[in-house]
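For reference, coords_24.csv is printed below; it contains CSV, C-alpha atoms and all ligand atoms.
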```csv
chain,number,residue,atom,x,y,z
A,21,MET,CA,-21.8,58.9,-12.6
A,22,LYS,CA,-21.3,61.0,-9.6
A,23,THR,CA,-22.3,64.7,-10.1
A,24,LYS,CA,-20.7,67.7,-8.6
A,25,THR,CA,-23.8,68.9,-6.7
A,26,LYS,CA,-24.9,67.9,-3.2
A,27,SER,CA,-28.4,67.0,-4.5
A,28,GLY,CA,-27.0,64.4,-6.9
A,29,ASN,CA,-28.6,66.2,-9.8
A,30,VAL,CA,-26.6,67.5,-12.6
A,31,GLY,CA,-25.5,71.1,-12.0
A,32,TYR,CA,-26.2,73.2,-15.1
A,33,ALA,CA,-24.9,76.6,-16.3
A,34,VAL,CA,-25.6,78.6,-19.5
A,35,VAL,CA,-23.3,81.2,-21.2
A,36,GLY,CA,-24.9,83.7,-23.5
A,37,LEU,CA,-28.5,84.7,-22.9
A,38,GLY,CA,-30.0,85.1,-26.4
A,39,ARG,CA,-30.6,81.6,-27.8
A,40,GLY,CA,-29.2,80.6,-24.4
A,41,MET,CA,-32.6,81.4,-22.8
A,42,ASP,CA,-33.9,78.3,-24.5
A,43,HIS,CA,-31.2,76.3,-22.8
A,44,VAL,CA,-32.1,78.0,-19.5
A,45,ARG,CA,-35.8,77.0,-20.0
A,46,CYS,CA,-34.8,73.4,-21.0
A,47,ALA,CA,-32.3,72.9,-18.2
A,48,SER,CA,-34.8,74.1,-15.6
A,49,ASN,CA,-37.5,71.8,-17.0
A,50,SER,CA,-35.3,68.8,-17.2
A,51,LYS,CA,-35.3,65.8,-14.9
A,52,ASN,CA,-32.3,65.3,-12.5
A,53,CYS,CA,-31.0,68.8,-13.3
A,54,ASP,CA,-30.4,71.9,-11.2
A,55,LEU,CA,-30.0,75.2,-13.1
A,56,LEU,CA,-27.3,76.9,-11.0
A,57,ALA,CA,-25.7,79.8,-12.9
A,58,VAL,CA,-25.9,81.9,-16.1
A,59,CYS,CA,-23.2,84.1,-17.6
A,60,ASP,CA,-23.4,87.0,-20.1
A,61,ILE,CA,-21.1,89.9,-20.7
A,62,ASN,CA,-24.2,92.1,-20.9
A,63,PRO,CA,-25.8,92.2,-17.4
A,64,GLU,CA,-29.0,93.7,-19.0
A,65,THR,CA,-29.8,90.2,-20.2
A,66,PHE,CA,-30.2,89.0,-16.6
A,67,LYS,CA,-33.6,90.8,-16.6
A,68,LYS,CA,-34.9,87.9,-18.9
A,69,LEU,CA,-34.7,85.6,-15.8
A,70,GLU,CA,-36.8,87.8,-13.5
A,71,GLY,CA,-39.8,86.1,-12.1
A,72,LYS,CA,-39.2,82.9,-14.1
A,73,TYR,CA,-35.8,81.3,-13.3
A,74,GLU,CA,-33.5,81.2,-10.3
A,75,ALA,CA,-29.8,81.2,-11.1
A,76,ASP,CA,-26.7,83.0,-9.9
A,77,THR,CA,-25.5,85.5,-12.5
A,78,TYR,CA,-22.0,86.2,-13.7
A,79,THR,CA,-20.5,88.6,-16.3
A,80,ASP,CA,-17.2,86.7,-16.5
A,81,ILE,CA,-17.1,83.0,-17.4
A,82,ASP,CA,-13.8,82.5,-15.5
A,83,GLU,CA,-15.5,83.5,-12.3
A,84,MET,CA,-18.4,81.2,-12.9
A,85,LEU,CA,-16.1,78.3,-13.8
A,86,LYS,CA,-14.4,78.5,-10.4
A,87,ARG,CA,-17.6,77.0,-8.9
A,88,ASP,CA,-17.2,73.3,-8.0
A,89,ASP,CA,-20.9,72.4,-8.3
A,90,ILE,CA,-21.3,72.9,-12.1
A,91,ASP,CA,-21.3,69.7,-14.2
A,92,ILE,CA,-22.5,71.0,-17.7
A,93,VAL,CA,-22.0,74.4,-19.3
A,94,SER,CA,-24.0,75.3,-22.4
A,95,ILE,CA,-22.2,77.7,-24.7
A,96,CYS,CA,-24.7,80.0,-26.6
A,97,THR,CA,-22.5,83.0,-27.5
A,98,PRO,CA,-21.7,84.2,-31.1
A,99,SER,CA,-20.4,81.3,-33.2
A,100,GLY,CA,-16.8,82.4,-33.5
A,101,THR,CA,-16.4,82.3,-29.7
A,102,HIS,CA,-17.6,78.8,-29.0
A,103,ALA,CA,-14.3,76.9,-29.2
A,104,GLU,CA,-12.4,79.5,-27.1
A,105,LEU,CA,-15.1,79.4,-24.3
A,106,ALA,CA,-15.4,75.6,-24.6
A,107,MET,CA,-11.6,75.3,-23.9
A,108,LYS,CA,-12.1,77.2,-20.7
A,109,VAL,CA,-14.9,74.8,-19.7
A,110,ALA,CA,-12.6,71.8,-20.4
A,111,GLU,CA,-9.8,73.4,-18.4
A,112,ALA,CA,-12.2,73.7,-15.5
A,113,GLY,CA,-13.0,70.0,-15.8
A,114,LYS,CA,-16.7,70.4,-16.8
A,115,HIS,CA,-18.7,68.9,-19.7
A,116,ALA,CA,-20.0,71.3,-22.4
A,117,MET,CA,-23.0,71.6,-24.6
A,118,LEU,CA,-22.3,73.8,-27.6
A,119,GLU,CA,-24.7,75.6,-29.9
A,120,LYS,CA,-24.4,75.1,-33.6
A,121,PRO,CA,-22.1,75.7,-35.4
A,122,PHE,CA,-19.5,74.0,-33.2
A,123,ASP,CA,-17.2,77.0,-34.2
A,124,ILE,CA,-16.3,78.4,-37.6
A,125,THR,CA,-12.9,76.8,-38.4
A,126,LEU,CA,-11.8,73.2,-38.5
A,127,ASP,CA,-8.6,73.9,-36.6
A,128,LYS,CA,-10.5,75.3,-33.6
A,129,ILE,CA,-13.0,72.4,-33.8
A,130,ASP,CA,-10.2,69.8,-33.8
A,131,ALA,CA,-8.3,71.3,-30.9
A,132,THR,CA,-11.5,71.5,-28.8
A,133,VAL,CA,-12.5,67.9,-29.5
A,134,LYS,CA,-9.0,66.8,-28.5
A,135,ALA,CA,-9.1,68.8,-25.3
A,136,PHE,CA,-12.4,67.2,-24.1
A,137,ALA,CA,-11.3,63.7,-25.2
A,138,ASP,CA,-7.9,64.1,-23.4
A,139,LYS,CA,-9.7,65.0,-20.1
A,140,GLY,CA,-12.4,62.3,-20.5
A,141,LEU,CA,-15.1,65.0,-20.6
A,142,LYS,CA,-18.3,64.9,-22.6
A,143,LEU,CA,-18.9,67.4,-25.5
A,144,GLY,CA,-22.4,67.7,-26.9
A,145,LEU,CA,-23.5,69.7,-29.9
A,146,ILE,CA,-26.9,71.1,-30.5
A,147,PHE,CA,-28.6,70.0,-33.8
A,148,GLN,CA,-32.1,69.8,-32.4
A,149,ASN,CA,-33.7,68.9,-35.8
A,150,ARG,CA,-32.0,65.5,-35.7
A,151,PHE,CA,-34.5,64.8,-32.8
A,152,ALA,CA,-37.6,65.7,-34.8
A,153,PRO,CA,-39.6,62.5,-35.2
A,154,ALA,CA,-40.0,62.9,-39.0
A,155,ASN,CA,-36.2,63.4,-39.5
A,156,ARG,CA,-35.5,60.3,-37.4
A,157,LYS,CA,-38.0,58.3,-39.4
A,158,ALA,CA,-36.5,59.4,-42.7
A,159,LYS,CA,-33.0,58.5,-41.5
A,160,GLN,CA,-34.2,55.1,-40.3
A,161,LEU,CA,-35.8,54.3,-43.6
A,162,ILE,CA,-32.8,55.5,-45.6
A,163,ASP,CA,-30.4,53.4,-43.4
A,164,GLU,CA,-32.7,50.3,-43.8
A,165,GLY,CA,-32.2,50.8,-47.6
A,166,VAL,CA,-35.9,51.2,-48.6
A,167,LEU,CA,-35.0,54.0,-51.0
A,168,GLY,CA,-32.2,51.9,-52.5
A,169,ASP,CA,-28.9,53.5,-53.6
A,170,LEU,CA,-29.1,57.3,-53.0
A,171,ILE,CA,-29.0,59.4,-56.2
A,172,LEU,CA,-30.1,63.0,-55.2
A,173,GLY,CA,-30.5,65.2,-52.1
A,174,VAL,CA,-32.0,68.7,-52.3
A,175,VAL,CA,-31.9,71.3,-49.5
A,176,GLN,CA,-33.7,74.6,-49.7
A,177,VAL,CA,-33.6,77.0,-46.8
A,178,LYS,CA,-35.5,80.0,-48.0
A,179,TRP,CA,-35.8,82.3,-45.0
A,180,TYR,CA,-35.9,86.0,-44.5
A,181,ARG,CA,-34.1,88.2,-42.0
A,182,THR,CA,-34.3,92.0,-41.7
A,183,GLN,CA,-31.3,94.4,-41.7
A,184,GLY,CA,-32.2,95.0,-38.1
A,185,TYR,CA,-31.5,91.4,-37.3
A,186,TYR,CA,-28.0,91.8,-38.6
A,187,ASP,CA,-27.4,95.1,-36.9
A,188,ALA,CA,-28.6,94.0,-33.5
A,189,ASN,CA,-26.4,92.8,-30.6
A,190,GLY,CA,-23.2,94.5,-31.8
A,191,GLY,CA,-23.7,93.4,-35.4
A,192,TRP,CA,-21.8,90.0,-35.2
A,193,ARG,CA,-24.3,88.2,-37.5
A,194,GLY,CA,-23.2,88.0,-41.1
A,195,THR,CA,-19.6,88.8,-40.3
A,196,TRP,CA,-16.8,86.4,-41.3
A,197,ALA,CA,-15.0,86.7,-37.9
A,198,MET,CA,-17.9,85.9,-35.6
A,199,ASP,CA,-20.7,84.2,-37.7
A,200,GLY,CA,-18.2,82.5,-40.1
A,201,GLY,CA,-20.5,83.4,-43.0
A,202,GLY,CA,-24.1,84.4,-43.6
A,203,SER,CA,-27.3,82.5,-44.3
A,204,LEU,CA,-25.5,79.2,-44.9
A,205,MET,CA,-23.3,79.1,-41.8
A,206,ASN,CA,-26.0,80.5,-39.4
A,207,GLN,CA,-29.4,79.4,-40.7
A,208,GLY,CA,-28.7,76.8,-43.4
A,209,ILE,CA,-26.3,74.7,-41.3
A,210,HIS,CA,-29.2,72.8,-39.6
A,211,THR,CA,-30.4,71.4,-42.9
A,212,VAL,CA,-26.8,70.9,-44.2
A,213,ASP,CA,-26.3,68.7,-41.1
A,214,LEU,CA,-29.5,66.7,-41.8
A,215,PHE,CA,-28.5,66.4,-45.5
A,216,GLN,CA,-25.1,64.9,-44.7
A,217,TRP,CA,-26.5,62.8,-41.9
A,218,MET,CA,-28.9,61.1,-44.4
A,219,MET,CA,-26.9,61.3,-47.6
A,220,GLY,CA,-23.4,60.5,-46.3
A,221,PRO,CA,-20.1,62.2,-46.8
A,222,VAL,CA,-19.6,64.9,-49.5
A,223,LYS,CA,-16.8,64.5,-52.1
A,224,SER,CA,-16.7,67.9,-53.7
A,225,VAL,CA,-18.7,71.2,-54.0
A,226,PHE,CA,-19.1,74.0,-56.5
A,227,ALA,CA,-21.0,77.1,-55.5
A,228,TYR,CA,-22.1,80.7,-56.1
A,229,THR,CA,-22.8,83.1,-53.3
A,230,ASP,CA,-24.0,86.7,-53.2
A,231,VAL,CA,-25.2,89.4,-50.9
A,232,VAL,CA,-28.4,90.7,-52.4
A,233,ALA,CA,-30.7,92.2,-49.7
A,234,HIS,CA,-28.6,93.2,-46.7
A,235,ASN,CA,-25.6,95.3,-45.8
A,236,ILE,CA,-23.4,92.5,-44.4
A,237,GLU,CA,-19.9,91.1,-45.1
A,238,ALA,CA,-20.9,87.5,-45.9
A,239,GLU,CA,-23.6,86.1,-48.2
A,240,ASP,CA,-27.4,86.1,-47.9
A,241,ILE,CA,-27.8,83.7,-50.8
A,242,THR,CA,-26.0,80.5,-51.6
A,243,ALA,CA,-26.5,78.0,-54.5
A,244,ALA,CA,-24.2,75.0,-54.4
A,245,VAL,CA,-24.0,71.7,-56.2
A,246,LEU,CA,-22.4,68.7,-54.6
A,247,LYS,CA,-21.0,65.3,-55.5
A,248,MET,CA,-21.3,62.7,-52.7
A,249,LYS,CA,-18.7,60.0,-52.0
A,250,ASN,CA,-21.5,57.4,-52.8
A,251,GLY,CA,-21.9,58.9,-56.2
A,252,ALA,CA,-25.2,60.8,-55.5
A,253,LYS,CA,-25.6,64.4,-56.4
A,254,GLY,CA,-26.8,67.2,-54.1
A,255,ILE,CA,-28.1,70.8,-54.3
A,256,ILE,CA,-28.0,73.2,-51.4
A,257,ILE,CA,-29.8,76.5,-51.5
A,258,THR,CA,-29.9,78.9,-48.5
A,259,SER,CA,-31.0,82.4,-48.1
A,260,THR,CA,-32.1,85.0,-45.6
A,261,ALA,CA,-33.2,87.3,-48.5
A,262,THR,CA,-36.2,85.3,-49.7
A,263,TYR,CA,-38.9,87.7,-48.5
A,264,PRO,CA,-41.1,87.0,-46.6
A,265,GLY,CA,-39.6,83.5,-45.8
A,266,PHE,CA,-40.7,80.2,-47.3
A,267,GLY,CA,-39.5,77.6,-44.9
A,268,THR,CA,-37.1,74.7,-45.2
A,269,THR,CA,-37.3,71.7,-47.5
A,270,LEU,CA,-35.2,68.5,-47.7
A,271,ASP,CA,-35.7,65.9,-50.4
A,272,ILE,CA,-33.9,62.6,-50.5
A,273,HIS,CA,-34.1,60.3,-53.5
A,274,GLY,CA,-32.8,56.8,-54.1
A,275,VAL,CA,-33.2,54.5,-57.1
A,276,ASN,CA,-36.3,52.9,-55.5
A,277,GLY,CA,-38.1,56.0,-54.0
A,278,GLY,CA,-38.0,59.3,-52.2
A,279,ILE,CA,-38.9,61.3,-49.1
A,280,CYS,CA,-39.8,65.0,-49.3
A,281,MET,CA,-39.8,66.9,-46.1
A,282,LYS,CA,-40.8,70.5,-45.2
A,283,ASN,CA,-40.1,72.2,-41.8
A,284,ASN,CA,-39.4,68.8,-40.2
A,285,ASP,CA,-42.6,67.0,-41.5
A,286,ILE,CA,-42.7,64.4,-44.2
A,287,MET,CA,-44.8,65.9,-47.1
A,288,GLU,CA,-44.5,63.0,-49.6
A,289,ILE,CA,-43.1,59.5,-49.4
A,290,SER,CA,-43.1,56.7,-51.9
A,291,TYR,CA,-40.9,53.7,-52.5
A,292,LYS,CA,-41.1,50.4,-54.4
A,293,GLY,CA,-42.6,47.6,-52.4
A,294,ALA,CA,-44.4,49.8,-49.9
A,295,THR,CA,-48.2,49.1,-49.5
A,296,GLN,CA,-50.5,52.1,-49.6
A,297,GLU,CA,-51.4,51.3,-46.0
A,298,GLU,CA,-47.8,51.6,-44.9
A,299,LEU,CA,-47.3,54.9,-46.7
A,300,ASP,CA,-50.6,56.3,-45.2
A,301,ASN,CA,-49.5,55.3,-41.7
A,302,ILE,CA,-46.2,57.1,-42.1
A,303,MET,CA,-48.1,60.2,-43.2
A,304,LYS,CA,-50.5,59.9,-40.3
A,305,ILE,CA,-47.6,59.8,-37.8
A,306,TYR,CA,-45.0,62.1,-39.5
A,307,GLY,CA,-46.9,64.2,-42.0
A,308,PRO,CA,-48.0,67.9,-41.6
A,309,ASN,CA,-51.6,67.0,-40.6
A,310,LYS,CA,-50.7,64.2,-38.3
A,311,ASP,CA,-53.5,62.4,-36.5
A,312,ILE,CA,-51.9,63.0,-33.1
A,313,GLU,CA,-53.7,60.3,-31.2
A,314,PHE,CA,-52.8,57.7,-33.8
A,315,ALA,CA,-49.2,59.2,-34.1
A,316,VAL,CA,-48.5,59.2,-30.4
A,317,ALA,CA,-49.8,55.6,-30.0
A,318,SER,CA,-47.3,54.6,-32.7
A,319,ASP,CA,-44.3,56.8,-31.7
A,320,PRO,CA,-44.5,58.6,-28.3
A,321,SER,CA,-41.7,61.0,-29.3
A,322,VAL,CA,-44.1,62.6,-31.8
A,323,ILE,CA,-45.8,64.5,-28.9
A,324,ASN,CA,-42.5,66.1,-27.8
A,325,ARG,CA,-41.7,68.6,-30.6
A,326,ASP,CA,-39.6,70.6,-28.2
A,327,THR,CA,-36.5,69.0,-29.7
A,328,THR,CA,-34.0,71.3,-27.9
A,329,HIS,CA,-35.4,70.1,-24.6
A,330,VAL,CA,-35.1,66.4,-25.7
A,331,GLN,CA,-31.5,67.0,-26.7
A,332,ILE,CA,-30.6,68.8,-23.5
A,333,GLN,CA,-32.2,66.1,-21.4
A,334,ASP,CA,-30.1,63.6,-23.4
A,335,MET,CA,-26.9,65.5,-22.4
A,336,ILE,CA,-28.0,65.4,-18.8
A,337,ASP,CA,-28.7,61.7,-19.0
A,338,ALA,CA,-25.4,61.1,-20.8
A,339,VAL,CA,-23.5,62.6,-17.8
A,340,LEU,CA,-25.6,60.6,-15.2
A,341,GLU,CA,-25.3,57.4,-17.2
A,342,ASP,CA,-21.6,58.0,-18.2
A,343,ARG,CA,-22.3,57.5,-21.9
A,344,PRO,CA,-21.7,59.7,-24.9
A,345,PRO,CA,-24.5,62.2,-25.8
A,346,VAL,CA,-26.5,61.2,-28.9
A,347,ILE,CA,-24.8,64.0,-30.9
A,348,GLU,CA,-21.2,64.3,-29.9
A,349,GLY,CA,-19.2,67.5,-30.7
A,350,ALA,CA,-17.1,65.8,-33.3
A,351,GLU,CA,-20.2,65.4,-35.5
A,352,GLY,CA,-20.3,69.2,-35.8
A,353,ARG,CA,-17.1,69.1,-37.9
A,354,ARG,CA,-18.8,67.7,-40.9
A,355,SER,CA,-21.3,70.6,-41.6
A,356,VAL,CA,-18.6,73.2,-41.0
A,357,GLU,CA,-16.2,71.4,-43.5
A,358,ILE,CA,-19.0,71.4,-46.1
A,359,ILE,CA,-19.9,75.0,-45.6
A,360,ASN,CA,-16.4,76.3,-45.6
A,361,ALA,CA,-15.7,74.3,-48.8
A,362,ILE,CA,-18.8,76.0,-50.4
A,363,TYR,CA,-17.5,79.4,-49.4
A,364,GLU,CA,-14.1,78.5,-50.8
A,365,SER,CA,-15.6,77.5,-54.1
A,366,ALA,CA,-17.7,80.7,-54.4
A,367,LYS,CA,-14.5,82.7,-53.6
A,368,THR,CA,-12.2,80.9,-56.1
A,369,GLY,CA,-14.7,79.9,-58.8
A,370,LYS,CA,-13.3,76.3,-58.5
A,371,GLU,CA,-14.8,73.0,-57.5
A,372,ILE,CA,-13.4,72.2,-54.0
A,373,SER,CA,-12.7,68.6,-52.9
A,374,LEU,CA,-13.2,67.8,-49.2
A,401,LIG,N1,-30.0,75.9,-32.5
A,401,LIG,C1,-30.7,76.9,-32.9
A,401,LIG,O1,-31.8,76.8,-33.4
A,401,LIG,C2,-30.1,78.3,-32.7
A,401,LIG,C3,-31.0,79.4,-32.7
A,401,LIG,C4,-30.4,80.7,-32.6
A,401,LIG,C5,-29.1,80.8,-32.4
A,401,LIG,N2,-28.3,79.7,-32.3
A,401,LIG,C6,-26.8,79.8,-32.1
A,401,LIG,O2,-26.6,80.4,-30.8
A,401,LIG,C7,-25.5,81.3,-30.7
A,401,LIG,C8,-25.9,82.6,-30.2
A,401,LIG,O3,-26.8,83.2,-31.1
A,401,LIG,P1,-27.9,84.3,-30.6
A,401,LIG,O4,-28.8,84.5,-31.8
A,401,LIG,O5,-28.5,83.9,-29.4
A,401,LIG,O6,-27.0,85.6,-30.4
A,401,LIG,P2,-27.3,86.8,-29.4
A,401,LIG,O7,-26.4,87.9,-29.9
A,401,LIG,O8,-28.7,87.0,-29.4
A,401,LIG,O9,-26.8,86.3,-28.0
A,401,LIG,C9,-25.5,86.0,-27.7
A,401,LIG,C10,-25.3,86.5,-26.2
A,401,LIG,O10,-24.0,86.1,-25.8
A,401,LIG,C11,-23.4,87.1,-25.0
A,401,LIG,N3,-21.9,87.0,-25.1
A,401,LIG,C12,-21.1,87.3,-26.1
A,401,LIG,N4,-19.8,87.0,-25.8
A,401,LIG,C13,-19.8,86.5,-24.5
A,401,LIG,C14,-18.9,86.0,-23.7
A,401,LIG,N5,-17.6,85.9,-24.0
A,401,LIG,N6,-19.2,85.5,-22.4
A,401,LIG,C15,-20.5,85.6,-22.0
A,401,LIG,N7,-21.5,86.0,-22.9
A,401,LIG,C16,-21.2,86.5,-24.1
A,401,LIG,C17,-24.0,88.4,-25.6
A,401,LIG,O11,-23.9,89.5,-24.7
A,401,LIG,C18,-25.4,88.0,-26.0
A,401,LIG,O12,-26.3,88.3,-25.0
A,401,LIG,C19,-25.0,81.3,-32.2
A,401,LIG,O13,-23.9,80.4,-32.3
A,401,LIG,C20,-26.1,80.8,-33.0
A,401,LIG,O14,-25.7,80.1,-34.2
A,401,LIG,C21,-28.8,78.5,-32.5
```

Go ahead and render the structure in this file as structure tokens.
Ligand SMILES: NC(=O)c1ccc[n+]([C@@H]2O[C@H](COP(=O)([O-])OP(=O)(O)OC[C@H]3O[C@@H](n4cnc5c(N)ncnc54)[C@H](O)[C@@H]3O)[C@@H](O)[C@H]2O)c1
Amino acid sequence: MKTKTKSGNVGYAVVGLGRGMDHVRCASNSKNCDLLAVCDINPETFKKLEGKYEADTYTDIDEMLKRDDIDIVSICTPSGTHAELAMKVAEAGKHAMLEKPFDITLDKIDATVKAFADKGLKLGLIFQNRFAPANRKAKQLIDEGVLGDLILGVVQVKWYRTQGYYDANGGWRGTWAMDGGGSLMNQGIHTVDLFQWMMGPVKSVFAYTDVVAHNIEAEDITAAVLKMKNGAKGIIITSTATYPGFGTTLDIHGVNGGICMKNNDIMEISYKGATQEELDNIMKIYGPNKDIEFAVASDPSVINRDTTHVQIQDMIDAVLEDRPPVIEGAEGRRSVEIINAIYESAKTGKEISL
């Protein structure tokens, strides 16, 4: 596909220079890509570029979007602003790469997906953990049916964040209006996304939430039980109050076996019919103590654990090849629907159907 730049490379811009600095780094290290512009309402953030990255700076997205050489705009601002800013990007006829969560309400998500589809523009959504080799392997094995019918999925995101984290940058984190929730919407969403990607659609949820260790509006601890459409059951636990932080686990069980993962590595795997050699090889490639030489020989992607970079390169390639990105924006609706149902259940004390 023809790009808007004279070089023929994809012209890239990034809005919001917190997490957005990772997008800046990835775009400038990507093939066939020119980082052209960054935008942040706080000009102090432009100091982060000094001596490392060349890009024109803007404090107003509307000004930046007037440029005719930008193809893709990454949106890395507080979560409750993503859809509104993405709509401006669509209006300007450019593709967008949104940070998770897509936004915090389904209405805003649906309107944004429609705006990009109507204009034939590409909309990508960052869920970088789907690019982690162990998660891809688990998904492949589950889809091949080696675990048999799924019966149970368990998510635990036991992290810790200080009060200072919530108070920083205008205090948007942990607010309903800008974060759309607390530990579940901001931190837990990555693993909620992996859970639904591997387990399938959710039928209903029942949950308790609480705020136990921070002065914030939304929760810092969530415990939810789920029924899946395929009959399986699920448990989702997330927290930013579990001092000092214990990492992320995701366990998927079927009638014929299970896969237990921690921090995007396979920790245990066993299923009927597998030879010990097969299981040992999986652990050598995708386990925590991987034998890197052996692993890379079997799966070259194991070497690139910079999953955000892999995903941003995929978006750039999608524009050049005129194909959809691996994770399209619409995929981001699923996790937000589950999370908002969990919050609704905690608020009403009722089981909520999706
Ligand atoms: N994928 C991941 O692993 C990951 C990690 C961290 C954050 N995030 C997501 O990235 C987003 C940003 O989070 P953060 O922690 O970087 O927040 P942050 O507060 O550190 O950074 C946000 C930046 O956006 C700027 N900003 C706000 N409104 C703006 C606007 N209208 N136009 C231009 N700039 C604007 C702010 O000045 C700030 O510099 C959130 O949606 C968060 O969920 C994703």

Nearest-residue call for ligand LIG 401 (chain A), choices A:Ile302, A:Ile61, A:Met205, A:Leu374, using all atoms listed in the file: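 Comparing A:Ile302, A:Ile61, A:Met205, A:Leu374 against ligand LIG 401 (chain A), the winner is A:Ile61.
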
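Distance annotation: of A:Gly113, A:Gly265, A:Gly274, A:Gly194, the residue with the minimal separation from ligand LIG 401 (chain A) is A:Gly194; atom set is only C-alpha atoms and all ligand atoms.
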
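Note that the spacing between atom C15 of ligand LIG 401 (chain A) and atom CA of A:Glu83 amounts to 11.1 Å.
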
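Taking only C-alpha atoms and all ligand atoms into account, the residues that come within 6 Å of ligand LIG 401 (chain A) are Val35, Gly36, Leu37, Gly38, Arg39, Cys59, Asp60, Ile61, Asn62, Ile81, Cys96, Thr97, Pro98, Ser99, Glu119, Lys120, Pro121, Asn189 and Asn206 of chain A.
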
Point-to-point distance from atom CA of A:Ile241 to atom CA of A:Thr260, Å rounded to tenths: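 Separation of atom CA of A:Ile241 and atom CA of A:Thr260: 6.9 Å.
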
Neighbour list for A:Gly254 as a list in words, cut-off 7 Å, all atoms listed in the file, skip fewer than 3 positions in-chain: Leu172, Gly173, Val174, Val245, Leu246 and Lys247 of chain A

Each side padded by 3 Å, which centre and which edge lengths in Å (one decimal) define the axis-aligned box around the listed atoms of stretch 216-227 of chain A? Give them as lines of an AutoDock Vina configuration file.
```
center_x = -22.8
center_y = 68.8
center_z = -49.2
size_x = 18.2
size_y = 22.6
size_z = 20.6
```

Distance query A:Thr77 at most 8 Å, all atoms listed in the file, self and fewer than 5 positions along chain excluded, as a list in words: Ala57, Val58, Cys59 and Phe66 of chain A

Polymer residues at most 10 Å from A:Trp192, only C-alpha atoms, same-chain spacing of 4 or more positions, as a CSV table (one decimal) with C-alpha atoms, in the coordinates of the input:
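Written file, selection.csv:
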```
chain,number,residue,atom,x,y,z
A,98,PRO,CA,-21.7,84.2,-31.1
A,99,SER,CA,-20.4,81.3,-33.2
A,100,GLY,CA,-16.8,82.4,-33.5
A,186,TYR,CA,-28.0,91.8,-38.6
A,187,ASP,CA,-27.4,95.1,-36.9
A,188,ALA,CA,-28.6,94.0,-33.5
A,196,TRP,CA,-16.8,86.4,-41.3
A,197,ALA,CA,-15.0,86.7,-37.9
A,198,MET,CA,-17.9,85.9,-35.6
A,199,ASP,CA,-20.7,84.2,-37.7
A,200,GLY,CA,-18.2,82.5,-40.1
A,236,ILE,CA,-23.4,92.5,-44.4
```

Straight-line distance linking atom CA of A:Lys142 with atom CA of A:Asp342, stated in Å to one decimal: 8.8 Å

Residue contacts of A:Asn155 (12 Å, all atoms listed in the file) excluding same-chain residues fewer than 4 positions away, as a PyMOL selection string: chain A and resi 147-151+159-162+210-211+213-215+217-218+269-272+279-287+306-307+321-322+325+327

Shortest interatomic distance to A:Ile289 - which of A:Lys223, A:Lys72, A:His273, A:Lys178, counting all atoms listed in the file: A:His273

Selected residue, from A:Tyr78, A:Tyr32, A:Trp179, A:Tyr363, that lies nearest to A:Gly201 when counting only C-alpha atoms: A:Tyr363

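Among the candidate residues A:Lys128, A:Lys292, A:Lys26, A:His234, the one lying nearest to A:Ser259 is A:His234, with distances computed using only C-alpha atoms.
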